Amino acid sequence: KFSGAILLDCGQNVGPDCSLKARIGLYFMRKFAEKMTNKAIMETMLGVGGKSKANYHLVECCYASGMFFEQGARQCDCLHAVAPAKIIPDLDFPIQFFNGAEDHRDSEDKWLSLCKDRERSLLKTYEEGDHFFCHDDRFVADMLERMDEFIKKVT
């Protein structure tokens, strides 16, 4: 049984009932992902952020070697198939959400309100943070501290 969950970059609904804007974004993301290598995808993603020394490790060591297992288009399909509003109310544990304020966010308050354990569920939005806030040196220490506190509270 899970004691809790921590979700990052989860402010925009890209599921079956997503907005037209999200649907168009997924369409193009899928088209690009079909034609790019894992390393090229990671370098493109991190080129947008480019704020942390840890990015080298993400590209060369962790994700580029198999982030998508050459399945970028299928990952987009998976993202579009998930309906968080139908899943979250069934989760009987608290959820800690993290988002960047400058990222596309249309559902973070909705996800939080749907949590069954609303009292212990949390949302942290980092001002000046974008989709890659979790790789941004300005936020990493605070994020890790909040994760540690959350884990200690729910276990």
# chains A, B, ... in the order shown; residues from 1 in each chain; ligands from 1
>>> residues_around(residues="Ser3 (chain A)", least_positions_apart="3", cutoff="6 Å", atoms="only C-alpha atoms", output="list in words")
Phe93, Val154 and Thr155 of chain A
>>> residues_around(residues="Ile87 (chain A)", least_positions_apart="3", cutoff="10 Å", atoms="only C-alpha atoms", output="mmCIF file with N, CA, C and O atoms, in the first residue's frame")
data_model
loop_
_atom_site.group_PDB
_atom_site.id
_atom_site.type_symbol
_atom_site.label_atom_id
_atom_site.label_comp_id
_atom_site.auth_asym_id
_atom_site.auth_seq_id
_atom_site.Cartn_x
_atom_site.Cartn_y
_atom_site.Cartn_z
ATOM 1 N N VAL A 82 -4.454 9.242 -20.021
ATOM 2 C CA VAL A 82 -4.688 9.299 -18.578
ATOM 3 C C VAL A 82 -5.670 10.418 -18.245
ATOM 4 O O VAL A 82 -5.519 11.546 -18.703
ATOM 5 N N ALA A 83 -6.651 10.094 -17.425
ATOM 6 C CA ALA A 83 -7.664 11.063 -16.998
ATOM 7 C C ALA A 83 -7.524 11.283 -15.488
ATOM 8 O O ALA A 83 -8.182 10.601 -14.692
ATOM 9 N N PRO A 84 -6.666 12.216 -15.075
ATOM 10 C CA PRO A 84 -6.408 12.411 -13.641
ATOM 11 C C PRO A 84 -7.663 12.659 -12.806
ATOM 12 O O PRO A 84 -7.753 12.181 -11.675
ATOM 13 N N ASP A 90 -9.859 8.342 -6.289
ATOM 14 C CA ASP A 90 -9.776 6.962 -5.808
ATOM 15 C C ASP A 90 -8.498 6.665 -5.037
ATOM 16 O O ASP A 90 -8.353 5.574 -4.468
ATOM 17 N N LEU A 91 -7.560 7.587 -5.020
ATOM 18 C CA LEU A 91 -6.290 7.376 -4.334
ATOM 19 C C LEU A 91 -6.445 7.731 -2.862
ATOM 20 O O LEU A 91 -6.703 8.881 -2.528
ATOM 21 N N TRP A 111 -6.776 19.249 -9.400
ATOM 22 C CA TRP A 111 -6.199 17.985 -8.919
ATOM 23 C C TRP A 111 -6.140 17.995 -7.394
ATOM 24 O O TRP A 111 -6.482 17.016 -6.749
ATOM 25 N N LEU A 114 -9.439 17.405 -5.697
ATOM 26 C CA LEU A 114 -9.966 16.043 -5.867
ATOM 27 C C LEU A 114 -9.300 15.020 -4.944
ATOM 28 O O LEU A 114 -9.746 13.876 -4.871
ATOM 29 N N CYS A 115 -8.242 15.425 -4.252
ATOM 30 C CA CYS A 115 -7.536 14.484 -3.376
ATOM 31 C C CYS A 115 -8.448 14.006 -2.243
ATOM 32 O O CYS A 115 -9.077 14.824 -1.568
#
>>> residues_around(residues="region 22-27 of chain A", least_positions_apart="6", cutoff="12 Å", atoms="only C-alpha atoms", output="list in words")
Gly11, Gln12, Asn13, Val14, Gly15, Pro16, Ala33, Glu34, Gly72, Ala73, Arg74, Gln75, Cys76, Asp77, Cys78, Leu79, His80, Ala81, His104, Arg105, Asp106 and Ser107 of chain A
>>> write_last_selection(atoms="N, CA, C and O atoms", output="mmCIF file, in the first residue's frame")
data_model
loop_
_atom_site.group_PDB
_atom_site.id
_atom_site.type_symbol
_atom_site.label_atom_id
_atom_site.label_comp_id
_atom_site.auth_asym_id
_atom_site.auth_seq_id
_atom_site.Cartn_x
_atom_site.Cartn_y
_atom_site.Cartn_z
ATOM 1 N N GLY A 11 0.601 20.356 -13.708
ATOM 2 C CA GLY A 11 -0.399 21.406 -13.632
ATOM 3 C C GLY A 11 -1.339 21.497 -14.810
ATOM 4 O O GLY A 11 -2.362 22.156 -14.749
ATOM 5 N N GLN A 12 -1.004 20.822 -15.909
ATOM 6 C CA GLN A 12 -1.850 20.925 -17.097
ATOM 7 C C GLN A 12 -2.442 19.565 -17.440
ATOM 8 O O GLN A 12 -1.746 18.566 -17.510
ATOM 9 N N ASN A 13 -3.730 19.557 -17.662
ATOM 10 C CA ASN A 13 -4.414 18.342 -18.082
ATOM 11 C C ASN A 13 -4.110 18.093 -19.560
ATOM 12 O O ASN A 13 -4.390 18.933 -20.409
ATOM 13 N N VAL A 14 -3.525 16.944 -19.856
ATOM 14 C CA VAL A 14 -3.284 16.555 -21.244
ATOM 15 C C VAL A 14 -4.038 15.264 -21.561
ATOM 16 O O VAL A 14 -3.768 14.592 -22.546
ATOM 17 N N GLY A 15 -4.992 14.901 -20.707
ATOM 18 C CA GLY A 15 -5.774 13.673 -20.882
ATOM 19 C C GLY A 15 -6.851 13.812 -21.940
ATOM 20 O O GLY A 15 -6.885 14.790 -22.698
ATOM 21 N N PRO A 16 -7.755 12.840 -22.000
ATOM 22 C CA PRO A 16 -8.785 12.819 -23.047
ATOM 23 C C PRO A 16 -9.669 14.065 -23.080
ATOM 24 O O PRO A 16 -10.154 14.450 -24.129
ATOM 25 N N ALA A 33 8.758 13.736 -31.434
ATOM 26 C CA ALA A 33 9.310 12.583 -30.713
ATOM 27 C C ALA A 33 9.493 11.374 -31.628
ATOM 28 O O ALA A 33 10.390 10.565 -31.407
ATOM 29 N N GLU A 34 8.659 11.254 -32.642
ATOM 30 C CA GLU A 34 8.777 10.126 -33.580
ATOM 31 C C GLU A 34 10.075 10.174 -34.369
ATOM 32 O O GLU A 34 10.573 9.151 -34.821
ATOM 33 N N GLY A 72 8.945 7.842 -27.767
ATOM 34 C CA GLY A 72 8.415 9.173 -27.493
ATOM 35 C C GLY A 72 6.977 9.358 -27.935
ATOM 36 O O GLY A 72 6.162 9.936 -27.224
ATOM 37 N N ALA A 73 6.633 8.848 -29.116
ATOM 38 C CA ALA A 73 5.252 8.985 -29.606
ATOM 39 C C ALA A 73 4.282 8.218 -28.704
ATOM 40 O O ALA A 73 3.197 8.707 -28.389
ATOM 41 N N ARG A 74 4.702 7.055 -28.265
ATOM 42 C CA ARG A 74 3.833 6.265 -27.380
ATOM 43 C C ARG A 74 3.702 6.916 -26.008
ATOM 44 O O ARG A 74 2.670 6.785 -25.355
ATOM 45 N N GLN A 75 4.756 7.594 -25.557
ATOM 46 C CA GLN A 75 4.640 8.303 -24.289
ATOM 47 C C GLN A 75 3.583 9.405 -24.416
ATOM 48 O O GLN A 75 2.790 9.609 -23.508
ATOM 49 N N CYS A 76 3.560 10.103 -25.536
ATOM 50 C CA CYS A 76 2.532 11.133 -25.769
ATOM 51 C C CYS A 76 1.139 10.505 -25.758
ATOM 52 O O CYS A 76 0.206 11.070 -25.181
ATOM 53 N N ASP A 77 1.012 9.341 -26.378
ATOM 54 C CA ASP A 77 -0.281 8.641 -26.380
ATOM 55 C C ASP A 77 -0.703 8.279 -24.957
ATOM 56 O O ASP A 77 -1.873 8.401 -24.590
ATOM 57 N N CYS A 78 0.269 7.839 -24.168
ATOM 58 C CA CYS A 78 -0.005 7.490 -22.776
ATOM 59 C C CYS A 78 -0.453 8.718 -21.983
ATOM 60 O O CYS A 78 -1.436 8.662 -21.238
ATOM 61 N N LEU A 79 0.258 9.832 -22.152
ATOM 62 C CA LEU A 79 -0.122 11.070 -21.469
ATOM 63 C C LEU A 79 -1.557 11.458 -21.807
ATOM 64 O O LEU A 79 -2.330 11.866 -20.935
ATOM 65 N N HIS A 80 -1.905 11.320 -23.073
ATOM 66 C CA HIS A 80 -3.241 11.714 -23.515
ATOM 67 C C HIS A 80 -4.329 10.742 -23.051
ATOM 68 O O HIS A 80 -5.495 11.100 -22.961
ATOM 69 N N ALA A 81 -3.955 9.516 -22.721
ATOM 70 C CA ALA A 81 -4.937 8.505 -22.300
ATOM 71 C C ALA A 81 -5.307 8.615 -20.820
ATOM 72 O O ALA A 81 -6.367 8.140 -20.409
ATOM 73 N N HIS A 104 2.733 25.873 -18.232
ATOM 74 C CA HIS A 104 1.299 25.853 -18.544
ATOM 75 C C HIS A 104 0.588 25.114 -17.420
ATOM 76 O O HIS A 104 0.906 23.972 -17.124
ATOM 77 N N ARG A 105 -0.376 25.790 -16.791
ATOM 78 C CA ARG A 105 -1.088 25.196 -15.659
ATOM 79 C C ARG A 105 -2.563 25.518 -15.799
ATOM 80 O O ARG A 105 -2.957 26.661 -15.734
ATOM 81 N N ASP A 106 -3.371 24.491 -15.953
ATOM 82 C CA ASP A 106 -4.807 24.729 -16.037
ATOM 83 C C ASP A 106 -5.599 23.825 -15.099
ATOM 84 O O ASP A 106 -6.811 23.920 -15.040
ATOM 85 N N SER A 107 -4.913 22.958 -14.364
ATOM 86 C CA SER A 107 -5.651 21.970 -13.574
ATOM 87 C C SER A 107 -5.099 21.709 -12.185
ATOM 88 O O SER A 107 -5.664 20.906 -11.451
#
>>> closest_residue(among="A:Ala5, A:Met143, A:Ala85, A:Ile41", to="Lys124 (chain A)", atoms="only C-alpha atoms")
A:Met143
>>> select_by_dssp(residues="region 73-143 of chain A", states="helix (DSSP H, G or I)", output="count of residues only")
30
>>> closest_residue(among="A:Lys86, A:Asn38, A:Arg118, A:Cys10", to="Phe132 (chain A)", atoms="only C-alpha atoms")
A:Cys10
>>> residues_around(residues="Cys134 (chain A)", least_positions_apart="3", cutoff="9 Å", atoms="only C-alpha atoms", output="list in words")
Leu8, Asp9, Phe98, Asn99, Gly100, Gly129, Asp130, His131, Asp137, Phe139, Val140 and Met143 of chain A
>>> write_last_selection(atoms="all heavy atoms", output="mmCIF file, in the first residue's frame")
data_model
loop_
_atom_site.group_PDB
_atom_site.id
_atom_site.type_symbol
_atom_site.label_atom_id
_atom_site.label_comp_id
_atom_site.auth_asym_id
_atom_site.auth_seq_id
_atom_site.Cartn_x
_atom_site.Cartn_y
_atom_site.Cartn_z
ATOM 1 N N LEU A 8 5.445 15.911 -10.037
ATOM 2 C CA LEU A 8 6.071 17.137 -10.529
ATOM 3 C C LEU A 8 5.571 17.443 -11.937
ATOM 4 O O LEU A 8 5.265 16.525 -12.698
ATOM 5 C CB LEU A 8 7.599 16.979 -10.583
ATOM 6 C CG LEU A 8 8.331 16.968 -9.260
ATOM 7 C CD1 LEU A 8 8.209 15.634 -8.578
ATOM 8 C CD2 LEU A 8 9.784 17.282 -9.485
ATOM 9 N N ASP A 9 5.502 18.723 -12.274
ATOM 10 C CA ASP A 9 5.067 19.149 -13.614
ATOM 11 C C ASP A 9 3.702 18.563 -13.962
ATOM 12 O O ASP A 9 3.508 17.969 -15.010
ATOM 13 C CB ASP A 9 6.100 18.740 -14.677
ATOM 14 C CG ASP A 9 7.354 19.587 -14.619
ATOM 15 O OD1 ASP A 9 7.237 20.777 -14.281
ATOM 16 O OD2 ASP A 9 8.435 19.057 -14.916
ATOM 17 N N PHE A 98 4.122 19.561 -7.253
ATOM 18 C CA PHE A 98 5.093 20.632 -7.480
ATOM 19 C C PHE A 98 4.940 21.117 -8.925
ATOM 20 O O PHE A 98 4.876 20.301 -9.845
ATOM 21 C CB PHE A 98 6.533 20.127 -7.327
ATOM 22 C CG PHE A 98 6.946 19.819 -5.924
ATOM 23 C CD1 PHE A 98 6.879 18.525 -5.430
ATOM 24 C CD2 PHE A 98 7.433 20.822 -5.089
ATOM 25 C CE1 PHE A 98 7.292 18.224 -4.144
ATOM 26 C CE2 PHE A 98 7.849 20.530 -3.802
ATOM 27 C CZ PHE A 98 7.777 19.226 -3.321
ATOM 28 N N ASN A 99 4.915 22.436 -9.113
ATOM 29 C CA ASN A 99 4.841 23.021 -10.448
ATOM 30 C C ASN A 99 5.656 24.307 -10.506
ATOM 31 O O ASN A 99 5.908 24.942 -9.491
ATOM 32 C CB ASN A 99 3.389 23.343 -10.825
ATOM 33 C CG ASN A 99 2.564 22.109 -11.046
ATOM 34 O OD1 ASN A 99 2.990 21.184 -11.717
ATOM 35 N ND2 ASN A 99 1.372 22.072 -10.471
ATOM 36 N N GLY A 100 6.017 24.687 -11.716
ATOM 37 C CA GLY A 100 6.648 25.975 -11.956
ATOM 38 C C GLY A 100 5.581 26.976 -12.356
ATOM 39 O O GLY A 100 4.709 26.668 -13.174
ATOM 40 N N GLY A 129 9.653 29.671 -11.871
ATOM 41 C CA GLY A 129 9.967 28.321 -12.325
ATOM 42 C C GLY A 129 9.166 27.988 -13.564
ATOM 43 O O GLY A 129 7.999 28.370 -13.676
ATOM 44 N N ASP A 130 9.777 27.283 -14.509
ATOM 45 C CA ASP A 130 9.065 26.859 -15.708
ATOM 46 C C ASP A 130 8.890 25.339 -15.661
ATOM 47 O O ASP A 130 8.937 24.739 -14.589
ATOM 48 C CB ASP A 130 9.792 27.325 -16.971
ATOM 49 C CG ASP A 130 11.241 26.861 -17.032
ATOM 50 O OD1 ASP A 130 11.599 25.877 -16.345
ATOM 51 O OD2 ASP A 130 12.022 27.472 -17.777
ATOM 52 N N HIS A 131 8.697 24.714 -16.806
ATOM 53 C CA HIS A 131 8.477 23.271 -16.849
ATOM 54 C C HIS A 131 9.691 22.501 -16.330
ATOM 55 O O HIS A 131 9.570 21.379 -15.870
ATOM 56 C CB HIS A 131 8.149 22.844 -18.284
ATOM 57 C CG HIS A 131 7.676 21.432 -18.396
ATOM 58 N ND1 HIS A 131 6.469 21.009 -17.875
ATOM 59 C CD2 HIS A 131 8.252 20.337 -18.958
ATOM 60 C CE1 HIS A 131 6.321 19.714 -18.114
ATOM 61 N NE2 HIS A 131 7.381 19.286 -18.766
ATOM 62 N N ASP A 137 18.718 25.182 -10.202
ATOM 63 C CA ASP A 137 19.450 25.272 -8.936
ATOM 64 C C ASP A 137 18.749 26.151 -7.896
ATOM 65 O O ASP A 137 18.945 25.972 -6.701
ATOM 66 C CB ASP A 137 20.863 25.828 -9.173
ATOM 67 C CG ASP A 137 21.761 24.838 -9.892
ATOM 68 O OD1 ASP A 137 21.494 23.619 -9.842
ATOM 69 O OD2 ASP A 137 22.734 25.283 -10.525
ATOM 70 N N PHE A 139 15.715 26.090 -7.055
ATOM 71 C CA PHE A 139 14.596 25.413 -6.400
ATOM 72 C C PHE A 139 14.903 24.028 -5.850
ATOM 73 O O PHE A 139 14.136 23.499 -5.048
ATOM 74 C CB PHE A 139 13.423 25.289 -7.384
ATOM 75 C CG PHE A 139 13.082 26.573 -8.075
ATOM 76 C CD1 PHE A 139 13.123 26.664 -9.461
ATOM 77 C CD2 PHE A 139 12.731 27.704 -7.357
ATOM 78 C CE1 PHE A 139 12.816 27.846 -10.111
ATOM 79 C CE2 PHE A 139 12.423 28.896 -7.996
ATOM 80 C CZ PHE A 139 12.460 28.968 -9.377
ATOM 81 N N VAL A 140 15.988 23.422 -6.282
ATOM 82 C CA VAL A 140 16.249 22.020 -5.954
ATOM 83 C C VAL A 140 16.317 21.773 -4.454
ATOM 84 O O VAL A 140 15.678 20.856 -3.944
ATOM 85 C CB VAL A 140 17.519 21.508 -6.670
ATOM 86 C CG1 VAL A 140 17.907 20.123 -6.185
ATOM 87 C CG2 VAL A 140 17.312 21.509 -8.177
ATOM 88 N N MET A 143 12.897 22.061 -2.866
ATOM 89 C CA MET A 143 12.039 20.966 -3.308
ATOM 90 C C MET A 143 12.393 19.678 -2.568
ATOM 91 O O MET A 143 11.505 18.975 -2.080
ATOM 92 C CB MET A 143 12.171 20.781 -4.820
ATOM 93 C CG MET A 143 11.248 19.749 -5.395
ATOM 94 S SD MET A 143 11.345 19.674 -7.196
ATOM 95 C CE MET A 143 13.082 19.392 -7.441
#
>>> atom_distance(atom1="CA of Thr125 (chain A)", atom2="CA of Lys152 (chain A)")
20.6 Å
>>> atom_distance(atom1="CA of Arg138 (chain A)", atom2="CA of Leu123 (chain A)")
17.9 Å
>>> closest_residue(among="A:Pro89, A:Glu70, A:Ser19, A:Asp109", to="Phe32 (chain A)", atoms="only C-alpha atoms")
A:Glu70
>>> residues_around(residues="Ile6 (chain A)", least_positions_apart="2", cutoff="10 Å", atoms="only C-alpha atoms", output="MDAnalysis selection string")
chainID A and resid 4 8 94:98 121:123 147 150:151
>>> write_last_selection(atoms="N, CA, C and O atoms", output="PDB file, in the first residue's frame")
ATOM      1  N   GLY A   4       1.815   7.734   0.144  1.00  0.00           N
ATOM      2  CA  GLY A   4       1.653   9.041  -0.454  1.00  0.00           C
ATOM      3  C   GLY A   4       2.274   9.050  -1.836  1.00  0.00           C
ATOM      4  O   GLY A   4       2.873   8.063  -2.265  1.00  0.00           O
ATOM      5  N   LEU A   8       5.445  15.911 -10.037  1.00  0.00           N
ATOM      6  CA  LEU A   8       6.071  17.137 -10.529  1.00  0.00           C
ATOM      7  C   LEU A   8       5.571  17.443 -11.937  1.00  0.00           C
ATOM      8  O   LEU A   8       5.265  16.525 -12.698  1.00  0.00           O
ATOM      9  N   PRO A  94      -2.281  10.966   0.654  1.00  0.00           N
ATOM     10  CA  PRO A  94      -2.007  12.364   0.287  1.00  0.00           C
ATOM     11  C   PRO A  94      -1.065  12.459  -0.910  1.00  0.00           C
ATOM     12  O   PRO A  94      -0.262  11.552  -1.156  1.00  0.00           O
ATOM     13  N   ILE A  95      -1.168  13.570  -1.625  1.00  0.00           N
ATOM     14  CA  ILE A  95      -0.321  13.831  -2.786  1.00  0.00           C
ATOM     15  C   ILE A  95       0.334  15.200  -2.633  1.00  0.00           C
ATOM     16  O   ILE A  95      -0.334  16.180  -2.299  1.00  0.00           O
ATOM     17  N   GLN A  96       1.634  15.236  -2.896  1.00  0.00           N
ATOM     18  CA  GLN A  96       2.384  16.496  -2.914  1.00  0.00           C
ATOM     19  C   GLN A  96       2.611  16.856  -4.379  1.00  0.00           C
ATOM     20  O   GLN A  96       3.236  16.092  -5.114  1.00  0.00           O
ATOM     21  N   PHE A  97       2.064  17.987  -4.823  1.00  0.00           N
ATOM     22  CA  PHE A  97       2.223  18.455  -6.197  1.00  0.00           C
ATOM     23  C   PHE A  97       3.265  19.576  -6.237  1.00  0.00           C
ATOM     24  O   PHE A  97       3.263  20.451  -5.372  1.00  0.00           O
ATOM     25  N   PHE A  98       4.122  19.561  -7.253  1.00  0.00           N
ATOM     26  CA  PHE A  98       5.093  20.632  -7.480  1.00  0.00           C
ATOM     27  C   PHE A  98       4.940  21.117  -8.925  1.00  0.00           C
ATOM     28  O   PHE A  98       4.876  20.301  -9.845  1.00  0.00           O
ATOM     29  N   SER A 121      -2.641  16.716   1.635  1.00  0.00           N
ATOM     30  CA  SER A 121      -2.153  16.941   0.270  1.00  0.00           C
ATOM     31  C   SER A 121      -1.707  18.396   0.134  1.00  0.00           C
ATOM     32  O   SER A 121      -2.278  19.290   0.761  1.00  0.00           O
ATOM     33  N   LEU A 122      -0.680  18.623  -0.693  1.00  0.00           N
ATOM     34  CA  LEU A 122      -0.063  19.945  -0.797  1.00  0.00           C
ATOM     35  C   LEU A 122       0.233  20.308  -2.244  1.00  0.00           C
ATOM     36  O   LEU A 122       0.455  19.430  -3.081  1.00  0.00           O
ATOM     37  N   LEU A 123       0.260  21.603  -2.505  1.00  0.00           N
ATOM     38  CA  LEU A 123       0.673  22.127  -3.809  1.00  0.00           C
ATOM     39  C   LEU A 123       1.717  23.206  -3.577  1.00  0.00           C
ATOM     40  O   LEU A 123       1.486  24.151  -2.816  1.00  0.00           O
ATOM     41  N   MET A 147      10.026  17.563  -0.058  1.00  0.00           N
ATOM     42  CA  MET A 147       9.761  16.135  -0.290  1.00  0.00           C
ATOM     43  C   MET A 147      10.077  15.330   0.962  1.00  0.00           C
ATOM     44  O   MET A 147       9.304  14.452   1.365  1.00  0.00           O
ATOM     45  N   PHE A 150       7.409  15.908   3.580  1.00  0.00           N
ATOM     46  CA  PHE A 150       6.172  15.226   3.186  1.00  0.00           C
ATOM     47  C   PHE A 150       6.273  13.729   3.456  1.00  0.00           C
ATOM     48  O   PHE A 150       5.369  13.131   4.039  1.00  0.00           O
ATOM     49  N   ILE A 151       7.373  13.128   3.054  1.00  0.00           N
ATOM     50  CA  ILE A 151       7.561  11.684   3.244  1.00  0.00           C
ATOM     51  C   ILE A 151       7.525  11.331   4.729  1.00  0.00           C
ATOM     52  O   ILE A 151       6.900  10.351   5.138  1.00  0.00           O
TER      53      ILE A 151
END
>>> atom_distance(atom1="CA of His135 (chain A)", atom2="CA of Lys39 (chain A)")
16.8 Å
>>> select_by_dssp(residues="region 71-145 of chain A", states="strand (DSSP E)", output="ChimeraX atom specification")
/A:95-100,122-126
>>> write_last_selection(atoms="all heavy atoms", output="mmCIF file, in the first residue's frame")
data_model
loop_
_atom_site.group_PDB
_atom_site.id
_atom_site.type_symbol
_atom_site.label_atom_id
_atom_site.label_comp_id
_atom_site.auth_asym_id
_atom_site.auth_seq_id
_atom_site.Cartn_x
_atom_site.Cartn_y
_atom_site.Cartn_z
ATOM 1 N N ILE A 95 -1.168 13.570 -1.625
ATOM 2 C CA ILE A 95 -0.321 13.831 -2.786
ATOM 3 C C ILE A 95 0.334 15.200 -2.633
ATOM 4 O O ILE A 95 -0.334 16.180 -2.299
ATOM 5 C CB ILE A 95 -1.139 13.791 -4.101
ATOM 6 C CG1 ILE A 95 -1.837 12.438 -4.262
ATOM 7 C CG2 ILE A 95 -0.240 14.080 -5.303
ATOM 8 C CD1 ILE A 95 -2.812 12.374 -5.423
ATOM 9 N N GLN A 96 1.634 15.236 -2.896
ATOM 10 C CA GLN A 96 2.384 16.496 -2.914
ATOM 11 C C GLN A 96 2.611 16.856 -4.379
ATOM 12 O O GLN A 96 3.236 16.092 -5.114
ATOM 13 C CB GLN A 96 3.728 16.320 -2.215
ATOM 14 C CG GLN A 96 4.723 17.441 -2.470
ATOM 15 C CD GLN A 96 4.522 18.661 -1.606
ATOM 16 O OE1 GLN A 96 4.733 18.607 -0.416
ATOM 17 N NE2 GLN A 96 4.115 19.767 -2.209
ATOM 18 N N PHE A 97 2.064 17.987 -4.823
ATOM 19 C CA PHE A 97 2.223 18.455 -6.197
ATOM 20 C C PHE A 97 3.265 19.576 -6.237
ATOM 21 O O PHE A 97 3.263 20.451 -5.372
ATOM 22 C CB PHE A 97 0.906 19.026 -6.734
ATOM 23 C CG PHE A 97 -0.228 18.053 -6.785
ATOM 24 C CD1 PHE A 97 -1.127 17.956 -5.721
ATOM 25 C CD2 PHE A 97 -0.429 17.249 -7.896
ATOM 26 C CE1 PHE A 97 -2.197 17.071 -5.771
ATOM 27 C CE2 PHE A 97 -1.490 16.370 -7.951
ATOM 28 C CZ PHE A 97 -2.377 16.270 -6.888
ATOM 29 N N PHE A 98 4.122 19.561 -7.253
ATOM 30 C CA PHE A 98 5.093 20.632 -7.480
ATOM 31 C C PHE A 98 4.940 21.117 -8.925
ATOM 32 O O PHE A 98 4.876 20.301 -9.845
ATOM 33 C CB PHE A 98 6.533 20.127 -7.327
ATOM 34 C CG PHE A 98 6.946 19.819 -5.924
ATOM 35 C CD1 PHE A 98 6.879 18.525 -5.430
ATOM 36 C CD2 PHE A 98 7.433 20.822 -5.089
ATOM 37 C CE1 PHE A 98 7.292 18.224 -4.144
ATOM 38 C CE2 PHE A 98 7.849 20.530 -3.802
ATOM 39 C CZ PHE A 98 7.777 19.226 -3.321
ATOM 40 N N ASN A 99 4.915 22.436 -9.113
ATOM 41 C CA ASN A 99 4.841 23.021 -10.448
ATOM 42 C C ASN A 99 5.656 24.307 -10.506
ATOM 43 O O ASN A 99 5.908 24.942 -9.491
ATOM 44 C CB ASN A 99 3.389 23.343 -10.825
ATOM 45 C CG ASN A 99 2.564 22.109 -11.046
ATOM 46 O OD1 ASN A 99 2.990 21.184 -11.717
ATOM 47 N ND2 ASN A 99 1.372 22.072 -10.471
ATOM 48 N N GLY A 100 6.017 24.687 -11.716
ATOM 49 C CA GLY A 100 6.648 25.975 -11.956
ATOM 50 C C GLY A 100 5.581 26.976 -12.356
ATOM 51 O O GLY A 100 4.709 26.668 -13.174
ATOM 52 N N LEU A 122 -0.680 18.623 -0.693
ATOM 53 C CA LEU A 122 -0.063 19.945 -0.797
ATOM 54 C C LEU A 122 0.233 20.308 -2.244
ATOM 55 O O LEU A 122 0.455 19.430 -3.081
ATOM 56 C CB LEU A 122 1.266 19.955 -0.033
ATOM 57 C CG LEU A 122 1.233 19.563 1.447
ATOM 58 C CD1 LEU A 122 2.638 19.261 1.938
ATOM 59 C CD2 LEU A 122 0.603 20.671 2.263
ATOM 60 N N LEU A 123 0.260 21.603 -2.505
ATOM 61 C CA LEU A 123 0.673 22.127 -3.809
ATOM 62 C C LEU A 123 1.717 23.206 -3.577
ATOM 63 O O LEU A 123 1.486 24.151 -2.816
ATOM 64 C CB LEU A 123 -0.523 22.726 -4.554
ATOM 65 C CG LEU A 123 -0.203 23.582 -5.791
ATOM 66 C CD1 LEU A 123 0.467 22.746 -6.880
ATOM 67 C CD2 LEU A 123 -1.480 24.237 -6.320
ATOM 68 N N LYS A 124 2.868 23.051 -4.203
ATOM 69 C CA LYS A 124 3.907 24.081 -4.169
ATOM 70 C C LYS A 124 4.176 24.530 -5.585
ATOM 71 O O LYS A 124 4.495 23.726 -6.462
ATOM 72 C CB LYS A 124 5.199 23.530 -3.540
ATOM 73 C CG LYS A 124 6.389 24.466 -3.629
ATOM 74 C CD LYS A 124 6.143 25.803 -2.953
ATOM 75 C CE LYS A 124 7.359 26.723 -3.093
ATOM 76 N NZ LYS A 124 7.051 28.082 -2.718
ATOM 77 N N THR A 125 4.021 25.825 -5.833
ATOM 78 C CA THR A 125 4.302 26.408 -7.140
ATOM 79 C C THR A 125 5.479 27.361 -6.977
ATOM 80 O O THR A 125 5.447 28.263 -6.149
ATOM 81 C CB THR A 125 3.069 27.167 -7.671
ATOM 82 O OG1 THR A 125 1.961 26.276 -7.700
ATOM 83 C CG2 THR A 125 3.320 27.703 -9.062
ATOM 84 N N TYR A 126 6.524 27.134 -7.770
ATOM 85 C CA TYR A 126 7.727 27.957 -7.687
ATOM 86 C C TYR A 126 7.623 29.141 -8.632
ATOM 87 O O TYR A 126 7.565 28.974 -9.848
ATOM 88 C CB TYR A 126 8.980 27.125 -8.013
ATOM 89 C CG TYR A 126 9.305 26.147 -6.916
ATOM 90 C CD1 TYR A 126 8.917 24.819 -7.009
ATOM 91 C CD2 TYR A 126 9.976 26.579 -5.775
ATOM 92 C CE1 TYR A 126 9.199 23.930 -5.990
ATOM 93 C CE2 TYR A 126 10.253 25.692 -4.753
ATOM 94 C CZ TYR A 126 9.871 24.369 -4.860
ATOM 95 O OH TYR A 126 10.143 23.497 -3.846
#
>>> decode(residues="region 38-45 of chain A", atoms="N, CA and C atoms", output="PDB file, in the first residue's frame")
ATOM      1  N   ASN A  38      16.685   9.598 -28.359  1.00  0.00           N
ATOM      2  CA  ASN A  38      16.532   9.919 -26.934  1.00  0.00           C
ATOM      3  C   ASN A  38      17.415  11.094 -26.541  1.00  0.00           C
ATOM      4  N   LYS A  39      18.671  11.063 -26.972  1.00  0.00           N
ATOM      5  CA  LYS A  39      19.608  12.124 -26.609  1.00  0.00           C
ATOM      6  C   LYS A  39      19.155  13.466 -27.183  1.00  0.00           C
ATOM      7  N   ALA A  40      18.692  13.472 -28.421  1.00  0.00           N
ATOM      8  CA  ALA A  40      18.233  14.722 -29.034  1.00  0.00           C
ATOM      9  C   ALA A  40      17.013  15.273 -28.292  1.00  0.00           C
ATOM     10  N   ILE A  41      16.119  14.412 -27.867  1.00  0.00           N
ATOM     11  CA  ILE A  41      14.936  14.855 -27.105  1.00  0.00           C
ATOM     12  C   ILE A  41      15.381  15.510 -25.807  1.00  0.00           C
ATOM     13  N   MET A  42      16.285  14.847 -25.077  1.00  0.00           N
ATOM     14  CA  MET A  42      16.745  15.400 -23.804  1.00  0.00           C
ATOM     15  C   MET A  42      17.501  16.709 -24.008  1.00  0.00           C
ATOM     16  N   GLU A  43      18.355  16.764 -25.004  1.00  0.00           N
ATOM     17  CA  GLU A  43      19.105  18.002 -25.241  1.00  0.00           C
ATOM     18  C   GLU A  43      18.166  19.149 -25.604  1.00  0.00           C
ATOM     19  N   THR A  44      17.134  18.868 -26.361  1.00  0.00           N
ATOM     20  CA  THR A  44      16.151  19.891 -26.715  1.00  0.00           C
ATOM     21  C   THR A  44      15.399  20.358 -25.480  1.00  0.00           C
ATOM     22  N   MET A  45      14.945  19.396 -24.679  1.00  0.00           N
ATOM     23  CA  MET A  45      14.198  19.744 -23.472  1.00  0.00           C
ATOM     24  C   MET A  45      15.061  20.565 -22.517  1.00  0.00           C
TER      25      MET A  45
END
